[in-house]
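Source file: work29.cif; contents: mmCIF, C-alpha atoms.
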```cif
data_final
loop_
_atom_site.label_atom_id
_atom_site.label_comp_id
_atom_site.auth_asym_id
_atom_site.auth_seq_id
_atom_site.Cartn_x
_atom_site.Cartn_y
_atom_site.Cartn_z
CA MET I 1 434.76 46.10 -67.72
CA GLU I 2 432.50 43.08 -67.77
CA THR I 3 434.58 39.95 -68.34
CA ARG I 4 431.80 37.46 -68.83
CA TYR I 5 428.44 37.07 -70.48
CA THR I 6 425.30 37.80 -68.45
CA SER I 7 423.96 34.91 -66.40
CA THR I 8 420.94 34.73 -68.72
CA ALA I 9 423.17 34.34 -71.78
CA ILE I 10 425.31 31.73 -70.01
CA LEU I 11 422.29 29.75 -68.86
CA LEU I 12 420.69 29.81 -72.32
CA HIS I 13 423.99 28.85 -73.99
CA TRP I 14 424.51 25.72 -71.88
CA LEU I 15 420.85 24.75 -71.78
CA ILE I 16 420.63 24.93 -75.57
CA ALA I 17 423.94 23.06 -75.93
CA ALA I 18 422.64 20.24 -73.70
CA LEU I 19 419.32 20.06 -75.55
CA ILE I 20 421.05 19.99 -78.95
CA LEU I 21 423.23 17.11 -77.78
CA CYS I 22 420.12 15.36 -76.48
CA ALA I 23 418.17 15.88 -79.73
CA ALA I 24 421.16 14.77 -81.83
CA VAL I 25 421.70 11.55 -79.86
CA MET I 26 417.98 10.76 -79.96
CA GLY I 27 417.78 11.57 -83.66
CA LEU I 28 420.74 9.41 -84.65
CA TYR I 29 419.50 6.51 -82.51
CA MET I 30 415.76 6.58 -83.28
CA VAL I 31 416.09 6.48 -87.07
CA GLU I 32 417.85 3.10 -86.80
CA LEU I 33 415.05 1.50 -84.75
CA LYS I 34 412.42 -0.89 -86.00
CA LEU I 35 408.88 0.41 -85.47
CA SER I 36 407.89 0.02 -81.81
CA PRO I 37 406.13 2.06 -79.12
CA TRP I 38 409.61 3.10 -77.94
CA LYS I 39 410.41 4.46 -81.40
CA LEU I 40 407.16 6.48 -81.51
CA LYS I 41 407.96 7.91 -78.08
CA LEU I 42 411.46 8.91 -79.13
CA TYR I 43 410.20 10.60 -82.29
CA SER I 44 407.74 12.65 -80.24
CA TRP I 45 410.33 13.53 -77.60
CA HIS I 46 412.82 14.50 -80.30
CA LYS I 47 410.25 16.89 -81.78
CA TRP I 48 409.43 18.35 -78.37
CA VAL I 49 413.12 18.98 -77.72
CA GLY I 50 413.44 20.53 -81.20
CA VAL I 51 410.57 22.96 -80.57
CA THR I 52 412.05 23.83 -77.16
CA ILE I 53 415.47 24.49 -78.71
CA TRP I 54 413.89 26.75 -81.32
CA LEU I 55 412.08 28.80 -78.66
CA LEU I 56 415.19 29.09 -76.48
CA VAL I 57 417.35 30.09 -79.46
CA LEU I 58 414.86 32.77 -80.34
CA ALA I 59 415.01 34.07 -76.76
CA ARG I 60 418.79 33.90 -76.84
CA ALA I 61 419.06 35.73 -80.17
CA LEU I 62 416.81 38.50 -78.83
CA TRP I 63 418.88 38.69 -75.64
CA ARG I 64 422.10 38.83 -77.68
CA LEU I 65 420.74 41.66 -79.82
CA THR I 66 419.80 43.71 -76.76
CA HIS I 67 422.83 42.91 -74.56
CA ARG I 68 426.30 43.64 -75.82
CA PRO I 69 428.59 40.69 -75.16
CA PRO I 70 431.85 41.31 -73.27
CA GLU I 71 434.86 42.23 -75.39
CA PRO I 72 436.84 39.09 -76.21
CA ALA I 73 440.56 38.97 -75.51
CA PRO I 74 442.72 40.70 -78.09
CA MET I 75 443.20 38.42 -81.08
CA PRO I 76 444.14 38.64 -84.76
CA ARG I 77 441.52 40.17 -87.02
CA TRP I 78 440.99 36.91 -88.96
CA GLN I 79 440.08 35.13 -85.72
CA LYS I 80 437.55 37.81 -84.84
CA ALA I 81 436.02 37.49 -88.30
CA ALA I 82 436.00 33.68 -88.09
CA SER I 83 434.33 33.80 -84.69
CA MET I 84 431.67 36.20 -85.95
CA VAL I 85 430.90 34.03 -88.97
CA THR I 86 430.80 30.87 -86.83
CA HIS I 87 428.41 32.41 -84.33
CA MET I 88 426.14 33.79 -87.05
CA LEU I 89 426.12 30.39 -88.73
CA LEU I 90 425.24 28.67 -85.43
CA TYR I 91 422.31 31.00 -84.81
CA VAL I 92 420.99 30.49 -88.34
CA LEU I 93 421.38 26.69 -88.16
CA MET I 94 419.77 26.47 -84.72
CA LEU I 95 416.75 28.39 -86.00
CA VAL I 96 416.47 26.65 -89.38
CA ILE I 97 417.08 23.02 -88.36
CA PRO I 98 413.99 22.65 -86.14
CA ILE I 99 411.88 24.13 -88.95
CA THR I 100 413.23 21.56 -91.45
CA GLY I 101 412.25 18.91 -88.91
CA TRP I 102 408.77 20.38 -88.64
CA LEU I 103 408.50 20.53 -92.46
CA PHE I 104 409.68 16.90 -92.68
CA SER I 105 407.10 15.86 -90.10
CA SER I 106 404.26 17.75 -91.83
CA ALA I 107 405.18 16.37 -95.26
CA SER I 108 405.24 12.85 -93.77
CA GLY I 109 401.66 13.25 -92.52
CA PHE I 110 402.57 13.49 -88.83
CA PRO I 111 401.55 16.74 -87.17
CA VAL I 112 403.83 18.00 -84.41
CA VAL I 113 402.03 18.02 -81.05
CA TYR I 114 404.26 19.95 -78.64
CA LEU I 115 404.51 18.12 -75.30
CA GLY I 116 401.54 16.01 -76.43
CA LEU I 117 399.33 19.05 -75.77
CA LEU I 118 399.67 21.74 -78.39
CA GLN I 119 399.21 20.77 -82.01
CA LEU I 120 401.26 22.94 -84.35
CA PRO I 121 399.78 23.69 -87.76
CA ASP I 122 401.07 21.60 -90.65
CA LEU I 123 403.47 23.68 -92.74
CA VAL I 124 402.85 21.63 -95.90
CA HIS I 125 400.46 18.93 -97.04
CA LYS I 126 401.48 15.30 -96.92
CA ASN I 127 403.77 14.64 -99.87
CA LYS I 128 406.33 11.85 -100.21
CA GLU I 129 408.77 13.73 -102.47
CA LEU I 130 408.71 16.79 -100.21
CA ALA I 131 409.18 14.58 -97.14
CA ALA I 132 412.30 13.03 -98.70
CA LEU I 133 413.61 16.50 -99.59
CA PHE I 134 413.07 17.90 -96.07
CA GLN I 135 414.58 14.77 -94.54
CA THR I 136 417.74 15.37 -96.58
CA CYS I 137 417.76 19.07 -95.60
CA HIS I 138 417.34 18.17 -91.93
CA ALA I 139 420.22 15.68 -92.07
CA VAL I 140 422.63 17.81 -94.16
CA LEU I 141 422.07 20.92 -92.03
CA ASN I 142 422.60 18.88 -88.87
CA TYR I 143 425.90 17.45 -90.11
CA THR I 144 426.88 21.01 -91.08
CA MET I 145 426.03 22.13 -87.57
CA PHE I 146 428.06 19.28 -86.02
CA ALA I 147 431.05 20.55 -88.02
CA VAL I 148 430.49 24.18 -86.97
CA VAL I 149 429.99 23.16 -83.32
CA GLY I 150 433.22 21.14 -83.56
CA LEU I 151 435.05 24.24 -84.78
CA HIS I 152 433.40 26.35 -82.05
CA VAL I 153 434.49 23.91 -79.31
CA LEU I 154 438.03 23.51 -80.70
CA ALA I 155 438.44 27.29 -80.90
CA ALA I 156 437.26 27.74 -77.29
CA VAL I 157 439.64 25.04 -76.06
CA LYS I 158 442.50 26.48 -78.14
CA HIS I 159 441.93 29.96 -76.70
CA HIS I 160 441.90 28.54 -73.20
CA LEU I 161 444.83 26.13 -73.41
CA VAL I 162 447.07 27.60 -76.09
CA ASP I 163 446.38 31.33 -76.08
CA ARG I 164 445.57 31.19 -72.36
CA ASP I 165 443.04 34.03 -72.71
CA THR I 166 439.59 34.63 -71.16
CA VAL I 167 437.47 33.52 -74.13
CA LEU I 168 436.22 30.30 -72.54
CA HIS I 169 435.97 31.81 -69.07
CA ARG I 170 433.50 34.46 -70.17
CA MET I 171 430.97 31.73 -71.14
CA LEU I 172 432.06 29.16 -68.54
CA PRO I 173 432.81 31.04 -65.31
CA LEU I 174 433.24 27.76 -63.42
CA ILE I 175 436.58 27.49 -65.14
CA PRO I 176 438.93 30.22 -63.88
CA PRO I 177 440.71 32.29 -66.51
CA PRO I 178 444.16 30.86 -67.27
CA GLY I 179 445.81 34.11 -66.04
CA ALA I 180 444.21 33.76 -62.60
CA ARG I 181 445.41 30.20 -62.35
CA GLY I 182 448.93 31.36 -63.26
CA GLN I 183 448.91 33.93 -60.46
CA GLN I 184 448.06 31.37 -57.83
CA MET H 1 349.60 33.30 -90.23
CA THR H 2 347.13 31.37 -88.17
CA LYS H 3 348.20 28.50 -85.99
CA ALA H 4 346.54 26.01 -88.29
CA SER H 5 348.13 27.36 -91.44
CA ARG H 6 351.49 27.44 -89.68
CA LEU H 7 351.02 23.78 -88.89
CA VAL H 8 350.22 22.99 -92.50
CA VAL H 9 353.36 24.77 -93.69
CA LEU H 10 355.42 22.96 -91.09
CA CYS H 11 353.98 19.60 -92.11
CA ALA H 12 354.61 20.35 -95.76
CA ALA H 13 358.16 21.43 -94.99
CA LEU H 14 358.76 18.24 -93.08
CA THR H 15 357.14 15.83 -95.48
CA LEU H 16 357.79 17.25 -98.92
CA PRO H 17 361.57 17.17 -98.98
CA GLY H 18 361.37 13.96 -96.99
CA ALA H 19 359.10 12.41 -99.59
CA ALA H 20 361.37 13.60 -102.39
CA ALA H 21 364.32 12.20 -100.51
CA ALA H 22 362.75 8.88 -99.65
CA GLN H 23 364.80 6.94 -102.11
CA ARG H 24 365.59 3.28 -101.98
CA VAL H 25 369.29 2.50 -102.34
CA THR H 26 370.47 -0.97 -103.32
CA ALA H 27 374.02 -0.30 -104.48
CA ILE H 28 377.07 1.67 -103.47
CA ASP H 29 379.31 3.40 -105.97
CA PRO H 30 382.93 2.78 -104.91
CA ALA H 31 383.98 6.03 -106.59
CA GLY H 32 383.61 8.73 -103.97
CA SER H 33 383.07 6.19 -101.19
CA GLU H 34 385.70 5.97 -98.49
CA ILE H 35 386.57 4.53 -95.11
CA ARG H 36 389.02 6.70 -93.22
CA PHE H 37 390.37 6.63 -89.72
CA VAL H 38 392.46 8.74 -87.39
CA SER H 39 394.73 6.99 -84.92
CA LYS H 40 396.49 8.87 -82.14
CA GLN H 41 400.15 8.16 -81.56
CA MET H 42 401.60 10.05 -78.59
CA ASN H 43 398.52 12.25 -78.99
CA VAL H 44 399.51 12.95 -82.59
CA PRO H 45 396.54 12.43 -84.93
CA VAL H 46 397.55 10.34 -87.94
CA GLU H 47 395.19 9.90 -90.89
CA GLY H 48 394.70 6.56 -92.56
CA ARG H 49 392.22 4.76 -94.79
CA PHE H 50 391.20 1.47 -96.35
CA ARG H 51 391.48 1.38 -100.11
CA LYS H 52 389.31 -1.70 -100.70
CA PHE H 53 385.96 -2.54 -99.20
CA ALA H 54 382.62 -3.89 -100.39
CA VAL H 55 379.20 -2.69 -99.26
CA GLN H 56 375.97 -4.55 -99.76
CA ILE H 57 372.97 -2.46 -99.00
CA ASP H 58 369.23 -2.37 -99.21
CA PHE H 59 368.11 0.83 -97.64
CA ASP H 60 364.58 2.08 -97.93
CA PRO H 61 363.63 5.01 -95.71
CA SER H 62 360.00 3.95 -95.87
CA LYS H 63 360.83 0.35 -94.90
CA LEU H 64 363.47 0.63 -92.21
CA ALA H 65 362.57 -2.73 -90.70
CA SER H 66 363.73 -4.55 -93.81
CA SER H 67 366.65 -2.16 -94.51
CA LYS H 68 370.06 -3.68 -94.06
CA ALA H 69 373.71 -3.22 -94.82
CA GLN H 70 376.83 -5.30 -94.78
CA VAL H 71 380.34 -3.89 -95.07
CA GLU H 72 383.38 -6.02 -95.77
CA VAL H 73 386.76 -4.35 -95.46
CA ASP H 74 389.85 -5.78 -97.10
CA LEU H 75 392.32 -5.18 -94.25
CA GLY H 76 395.31 -5.72 -96.54
CA SER H 77 394.34 -2.51 -98.33
CA ILE H 78 395.14 -0.44 -95.24
CA ASP H 79 397.00 2.82 -95.55
CA THR H 80 398.02 3.81 -92.02
CA GLY H 81 399.80 6.94 -93.10
CA SER H 82 403.31 5.48 -93.30
CA ASP H 83 404.87 2.54 -95.16
CA GLU H 84 406.57 1.33 -92.01
CA ALA H 85 403.28 1.09 -90.12
CA ASP H 86 401.47 -0.44 -93.11
CA ALA H 87 403.85 -3.40 -92.96
CA GLU H 88 403.66 -3.59 -89.16
CA VAL H 89 399.86 -3.65 -88.79
CA LYS H 90 399.41 -6.55 -91.18
CA GLY H 91 401.36 -8.74 -88.77
CA LYS H 92 400.18 -11.08 -86.00
CA GLY H 93 400.15 -8.55 -83.17
CA TRP H 94 397.88 -6.21 -85.10
CA PHE H 95 395.31 -7.41 -87.68
CA ASN H 96 396.97 -10.78 -88.37
CA ILE H 97 395.86 -10.49 -91.96
CA ALA H 98 397.13 -13.96 -92.94
CA ALA H 99 394.50 -15.47 -90.62
CA PHE H 100 391.85 -12.71 -90.66
CA PRO H 101 391.97 -10.88 -94.00
CA LYS H 102 388.64 -9.10 -93.60
CA ALA H 103 386.69 -7.03 -91.12
CA THR H 104 382.92 -7.18 -91.43
CA PHE H 105 379.98 -5.22 -90.18
CA VAL H 106 376.50 -6.72 -90.47
CA SER H 107 373.56 -4.55 -89.52
CA SER H 108 370.75 -5.87 -87.39
CA SER H 109 368.48 -2.83 -87.20
CA VAL H 110 368.07 0.67 -88.57
CA LYS H 111 366.07 3.29 -86.78
CA SER H 112 365.29 6.87 -87.59
CA VAL H 113 366.54 9.48 -85.10
CA GLY H 114 365.65 12.65 -87.01
CA ALA H 115 365.38 14.13 -90.46
CA ASN H 116 367.83 12.18 -92.62
CA ARG H 117 369.46 10.84 -89.47
CA TYR H 118 369.49 7.20 -88.50
CA GLU H 119 371.13 4.84 -86.09
CA VAL H 120 372.36 1.54 -87.41
CA THR H 121 373.16 -1.22 -84.99
CA GLY H 122 374.94 -4.42 -85.83
CA ARG H 123 377.92 -6.66 -85.24
CA LEU H 124 381.44 -5.65 -86.07
CA THR H 125 383.88 -8.53 -86.46
CA ILE H 126 387.63 -8.03 -86.61
CA LYS H 127 390.31 -10.63 -85.96
CA GLY H 128 387.71 -13.23 -85.05
CA ILE H 129 386.22 -11.03 -82.33
CA SER H 130 382.65 -9.71 -82.63
CA GLN H 131 381.23 -6.72 -80.81
CA ASP H 132 377.91 -4.91 -80.98
CA LEU H 133 378.14 -1.51 -82.54
CA ALA H 134 375.73 1.40 -82.94
CA VAL H 135 376.64 3.84 -85.68
CA PRO H 136 375.00 7.21 -86.29
CA LEU H 137 374.29 7.79 -89.94
CA THR H 138 373.31 10.87 -91.88
CA ILE H 139 372.06 10.87 -95.44
CA LYS H 140 372.67 13.69 -97.86
CA HIS H 141 370.71 13.66 -101.05
CA ASP H 142 372.58 14.67 -104.11
CA GLY H 143 370.68 14.24 -107.38
CA SER H 144 370.64 10.58 -108.29
CA SER H 145 372.67 9.50 -105.27
CA SER H 146 372.22 9.33 -101.52
CA VAL H 147 375.42 9.87 -99.59
CA PHE H 148 375.66 7.97 -96.31
CA GLU H 149 378.06 9.44 -93.80
CA GLY H 150 378.89 8.35 -90.32
CA GLY H 151 381.58 7.46 -87.90
CA PHE H 152 382.34 5.86 -84.58
CA ASN H 153 385.16 5.36 -82.15
CA LEU H 154 386.65 1.93 -82.53
CA LEU H 155 388.30 0.70 -79.35
CA ARG H 156 391.17 -1.22 -80.90
CA LEU H 157 392.01 -3.25 -77.80
CA GLN H 158 388.52 -4.81 -77.80
CA PHE H 159 389.59 -6.50 -81.01
CA LYS H 160 393.20 -7.15 -79.96
CA ILE H 161 394.43 -4.77 -82.63
CA GLY H 162 397.93 -4.12 -81.32
CA GLU H 163 398.97 -6.74 -78.82
CA GLY H 164 402.00 -7.12 -76.57
CA PRO H 165 404.01 -3.90 -76.28
CA TRP H 166 401.55 -2.19 -78.63
CA SER H 167 398.71 -2.60 -76.15
CA ASP H 168 400.21 0.39 -74.32
CA GLU H 169 397.51 3.05 -74.72
CA ASP H 170 399.86 5.90 -73.84
CA THR H 171 401.67 5.42 -77.13
CA VAL H 172 398.87 4.40 -79.48
CA ALA H 173 395.48 5.43 -78.07
CA ASN H 174 392.79 2.78 -77.68
CA ALA H 175 390.18 4.85 -79.50
CA VAL H 176 390.54 5.09 -83.26
CA GLN H 177 388.12 7.48 -84.97
CA VAL H 178 386.56 5.80 -87.98
CA ARG H 179 384.67 7.84 -90.56
CA PHE H 180 382.95 6.55 -93.65
CA ARG H 181 381.20 7.94 -96.67
CA PHE H 182 379.30 5.66 -98.99
CA VAL H 183 377.78 6.97 -102.19
CA GLY H 184 374.50 5.13 -102.64
CA VAL H 185 372.97 4.88 -106.08
CA ASN H 186 369.26 5.66 -105.90
CA LYS H 187 367.17 2.80 -107.22
CA LYS H 188 364.95 3.88 -110.08
CA PRO H 189 361.30 3.44 -109.13
#
```
Now that the file is in, can you turn its structure into structure tokens?
Amino acid sequence: METRYTSTAILLHWLIAALILCAAVMGLYMVELKLSPWKLKLYSWHKWVGVTIWLLVLARALWRLTHRPPEPAPMPRWQKAASMVTHMLLYVLMLVIPITGWLFSSASGFPVVYLGLLQLPDLVHKNKELAALFQTCHAVLNYTMFAVVGLHVLAAVKHHLVDRDTVLHRMLPLIPPPGARGQQ
Amino acid sequence: MTKASRLVVLCAALTLPGAAAAQRVTAIDPAGSEIRFVSKQMNVPVEGRFRKFAVQIDFDPSKLASSKAQVEVDLGSIDTGSDEADAEVKGKGWFNIAAFPKATFVSSSVKSVGANRYEVTGRLTIKGISQDLAVPLTIKHDGSSSVFEGGFNLLRLQFKIGEGPWSDEDTVANAVQVRFRFVGVNKKP
């Protein structure tokens, strides 16, 4: 029986995780800055990273739907249910958050130009009230995602250190399963 | 149709609407008139405009030599597309509005380059710096008004618009597309 995710799934998981961290740090930092060329650069880069995340998440969701993940270690039913809800929520947030950013950008009168090359169509016309609304959506959904990611990370660490099962190992093969370590 | 009759029709086609359109314009109606621009930030086109400007004009298609125009733009009326940038561009490194509140364009010549198409040359002065400018102009006739439309690429660094760190063209491009539309009131004969 397969004990870990496919290499594609593992690669996409960690790549997306790194990009989300990158976008979050940029986002939290850039909004505090006074207007400067540096600020304009960061806003563009943040949007590029957001578009990239969205595309990778789409690829990952399609991969997940067509490739059955390995059976997790035996665990209480409530934990299985919680993990399913958490994962579903993460997929939804990862797909919706970049779109709220795009909507916020469009409503603010700034088209998104992916990598400085490809101009995406504006989703809405410039409108101050809408911009404020999408800004709030973007922020609230992000803080929601931070909370869900926190839960996701804590659960993985708990499975690894407390339950000493293979849950973390199947997505992070660099770390040996706790059982294997025990046998050594 | 013979060659000669074809020529007559062609001449009539060229001159008749032209004659009907040859209207002298001595005033601009601010309603419907606009000066807009598109700046590029990180290759992102951002629309802006000036809310206040004054145009003095005496345009007569049959007397181009004496036709002239003067445009005075109130730079404080700028709308760059965002409040943050509106405040920024009024400052010293950009327009320095406290010292140079207005941009002016004064025409020196008008020449015809086709049916209802002209080229206006003149001096554009912004922030105490003057440059020669040639602007293509088209005129659309609309009842009692003649609508002047045109545009040009303003190279902002020629006028020191955006100094210091802002002179970096990779962030804010040097070329700013300016487009205008002035609704001219036809002078009654």
message: With all atoms listed in the file considered, list every residue of chain I at most 8 Å from chain H, as a PyMOL selection string.
response: chain I and resi 35-37+40-41+44+108-113+116-117+119
- request: Might you spell out which residues the PyMOL selection byres ((chain H and resi 145) around 9) would select in the displayed file, as a list in words?
  value: Gln23, Val25, Lys140, His141, Asp142, Gly143, Ser144, Ser146, Val147, Val183, Gly184, Val185, Asn186 and Lys187 of chain H
query: Applied to this file, what does the PyMOL selection byres ((chain I and resi 162-170) around 8) return in terms of residues, put as number ranges by chain?
result: I: 3-5, 70, 72-73, 156-161, 171-179
- request: Name the residues captured by the PyMOL selection byres ((chain H and resi 60-65) around 9) when it is applied to the shown file; answer as number ranges by chain.
  value: H: 21-26, 58-59, 66-68, 109-112, 116
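In this comparison, which uses all atoms listed in the file, the residue of H:Gln70, H:Gln131, H:Asn96, H:Thr138 approaching Ala27 (chain H) most closely is H:Gln70.
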query: Skipping near chain neighbours, those fewer than 3 positions away, what residues fall within 8 Å of Ile161 (chain H) using all atoms listed in the file, listed as an MDAnalysis selection string?
result: chainID H and resid 93:95 127 156:158
task: Extract, using only C-alpha atoms, all DNA, RNA and protein residues at most 10 Å from Ala132 (chain I), discarding same-chain residues fewer than 6 positions from it, and format them as a PyMOL selection string.
output: chain I and resi 104+107-108+138
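With distances restricted to all atoms listed in the file, I:Leu11 is the closest residue to Trp63 (chain I) from I:Ala139, I:Met145, I:Met26, I:Leu11.
Shell of Phe152 (chain H) at 8 Å, with all atoms listed in the file counted and residues fewer than 4 places along the chain excluded, is Val135, Pro136, Gln177, Val178 and Arg179 of chain H.
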Counting only C-alpha atoms, which residues sit no farther than 8 Å from the position (400.7, 22.0, -90.4) in the file's frame? I'd like them as a short mmCIF file (atom, residue, chain, number, x, y, z; two decimals) with C-alpha atoms, keeping the file's coordinate frame.
```
data_model
loop_
_atom_site.label_atom_id
_atom_site.label_comp_id
_atom_site.auth_asym_id
_atom_site.auth_seq_id
_atom_site.Cartn_x
_atom_site.Cartn_y
_atom_site.Cartn_z
CA SER I 106 404.26 17.75 -91.83
CA PRO I 111 401.55 16.74 -87.17
CA VAL I 112 403.83 18.00 -84.41
CA LEU I 120 401.26 22.94 -84.35
CA PRO I 121 399.78 23.69 -87.76
CA ASP I 122 401.07 21.60 -90.65
CA LEU I 123 403.47 23.68 -92.74
CA VAL I 124 402.85 21.63 -95.90
CA HIS I 125 400.46 18.93 -97.04
#
```
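Separating CA of Leu93 (chain I) from CA of Trp38 (chain I) is a distance of 28.3 Å.
Between CA of Tyr114 (chain I) and CA of Leu65 (chain I) the interatomic distance comes to 27.3 Å.
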message: Between CA of Leu115 (chain I) and CA of Val176 (chain H), what is the distance in Å, rounded to a tenth?
response: 20.7 Å
query: With all atoms listed in the file as the basis for distance, which of I:Lys39, I:His67, I:Lys126, I:His46 is at the shortest distance from Leu19 (chain I)?
result: I:His46
- request: Please provide the set of residues having any atom within 10 Å of Gly76 (chain H), restricted to only C-alpha atoms, with same-chain residues fewer than 6 positions apart removed, written as JSON, numbers by chain.
  value: {"H": [50, 51, 52, 86, 87, 89, 90, 95, 96, 97, 98, 100, 101, 102]}
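Proximity to Tyr143 (chain I) was assessed for I:Tyr91, I:Cys22, I:Leu62, I:Leu28 counting only C-alpha atoms; the smallest distance is recorded for I:Leu28.
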message: So that I can see what lies close to Ala17 (chain I), please list as a list in words the residues with an atom at most 10 Å from it, counting all atoms listed in the file and leaving out residues fewer than 6 positions away in the same chain.
response: Leu11, Ala23, Ile53 and Val149 of chain I
Expected file contents, prior selection, C-alpha atoms, as a PDB file, in the coordinates of the input:
```pdb
ATOM      1  CA  LEU I  11     422.290  29.750 -68.860  1.00  0.00           C
ATOM      2  CA  ALA I  23     418.170  15.880 -79.730  1.00  0.00           C
ATOM      3  CA  ILE I  53     415.470  24.490 -78.710  1.00  0.00           C
ATOM      4  CA  VAL I 149     429.990  23.160 -83.320  1.00  0.00           C
TER       5      VAL I 149
END
```
Got a minute to add N, CA and C atoms to region 72-84 of chain H and dump it as a PDB file, keeping the file's coordinate frame?
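Produced file result_22.pdb, reproduced below:
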```pdb
ATOM      1  N   GLU H  72     382.251  -5.100 -95.883  1.00  0.00           N
ATOM      2  CA  GLU H  72     383.380  -6.020 -95.770  1.00  0.00           C
ATOM      3  C   GLU H  72     384.637  -5.245 -96.163  1.00  0.00           C
ATOM      4  N   VAL H  73     385.557  -5.148 -95.221  1.00  0.00           N
ATOM      5  CA  VAL H  73     386.760  -4.350 -95.460  1.00  0.00           C
ATOM      6  C   VAL H  73     387.953  -5.260 -95.688  1.00  0.00           C
ATOM      7  N   ASP H  74     388.631  -5.035 -96.800  1.00  0.00           N
ATOM      8  CA  ASP H  74     389.850  -5.780 -97.100  1.00  0.00           C
ATOM      9  C   ASP H  74     390.993  -5.146 -96.287  1.00  0.00           C
ATOM     10  N   LEU H  75     391.362  -5.791 -95.183  1.00  0.00           N
ATOM     11  CA  LEU H  75     392.320  -5.180 -94.250  1.00  0.00           C
ATOM     12  C   LEU H  75     393.715  -5.004 -94.868  1.00  0.00           C
ATOM     13  N   GLY H  76     394.007  -5.846 -95.867  1.00  0.00           N
ATOM     14  CA  GLY H  76     395.310  -5.720 -96.540  1.00  0.00           C
ATOM     15  C   GLY H  76     395.436  -4.419 -97.316  1.00  0.00           C
ATOM     16  N   SER H  77     394.305  -3.750 -97.546  1.00  0.00           N
ATOM     17  CA  SER H  77     394.340  -2.510 -98.330  1.00  0.00           C
ATOM     18  C   SER H  77     394.564  -1.297 -97.420  1.00  0.00           C
ATOM     19  N   ILE H  78     394.999  -1.548 -96.196  1.00  0.00           N
ATOM     20  CA  ILE H  78     395.140  -0.440 -95.240  1.00  0.00           C
ATOM     21  C   ILE H  78     396.256   0.521 -95.641  1.00  0.00           C
ATOM     22  N   ASP H  79     395.985   1.779 -95.405  1.00  0.00           N
ATOM     23  CA  ASP H  79     397.000   2.820 -95.550  1.00  0.00           C
ATOM     24  C   ASP H  79     396.997   3.543 -94.203  1.00  0.00           C
ATOM     25  N   THR H  80     398.006   3.249 -93.381  1.00  0.00           N
ATOM     26  CA  THR H  80     398.020   3.810 -92.020  1.00  0.00           C
ATOM     27  C   THR H  80     398.575   5.216 -91.975  1.00  0.00           C
ATOM     28  N   GLY H  81     399.164   5.623 -93.108  1.00  0.00           N
ATOM     29  CA  GLY H  81     399.800   6.940 -93.100  1.00  0.00           C
ATOM     30  C   GLY H  81     401.296   6.838 -93.289  1.00  0.00           C
ATOM     31  N   SER H  82     401.879   5.651 -93.030  1.00  0.00           N
ATOM     32  CA  SER H  82     403.310   5.480 -93.300  1.00  0.00           C
ATOM     33  C   SER H  82     403.574   4.040 -93.732  1.00  0.00           C
ATOM     34  N   ASP H  83     404.541   3.873 -94.625  1.00  0.00           N
ATOM     35  CA  ASP H  83     404.870   2.540 -95.160  1.00  0.00           C
ATOM     36  C   ASP H  83     405.295   1.588 -94.046  1.00  0.00           C
ATOM     37  N   GLU H  84     406.054   2.145 -93.107  1.00  0.00           N
ATOM     38  CA  GLU H  84     406.570   1.330 -92.010  1.00  0.00           C
ATOM     39  C   GLU H  84     405.426   0.734 -91.195  1.00  0.00           C
TER      40      GLU H  84
END
```
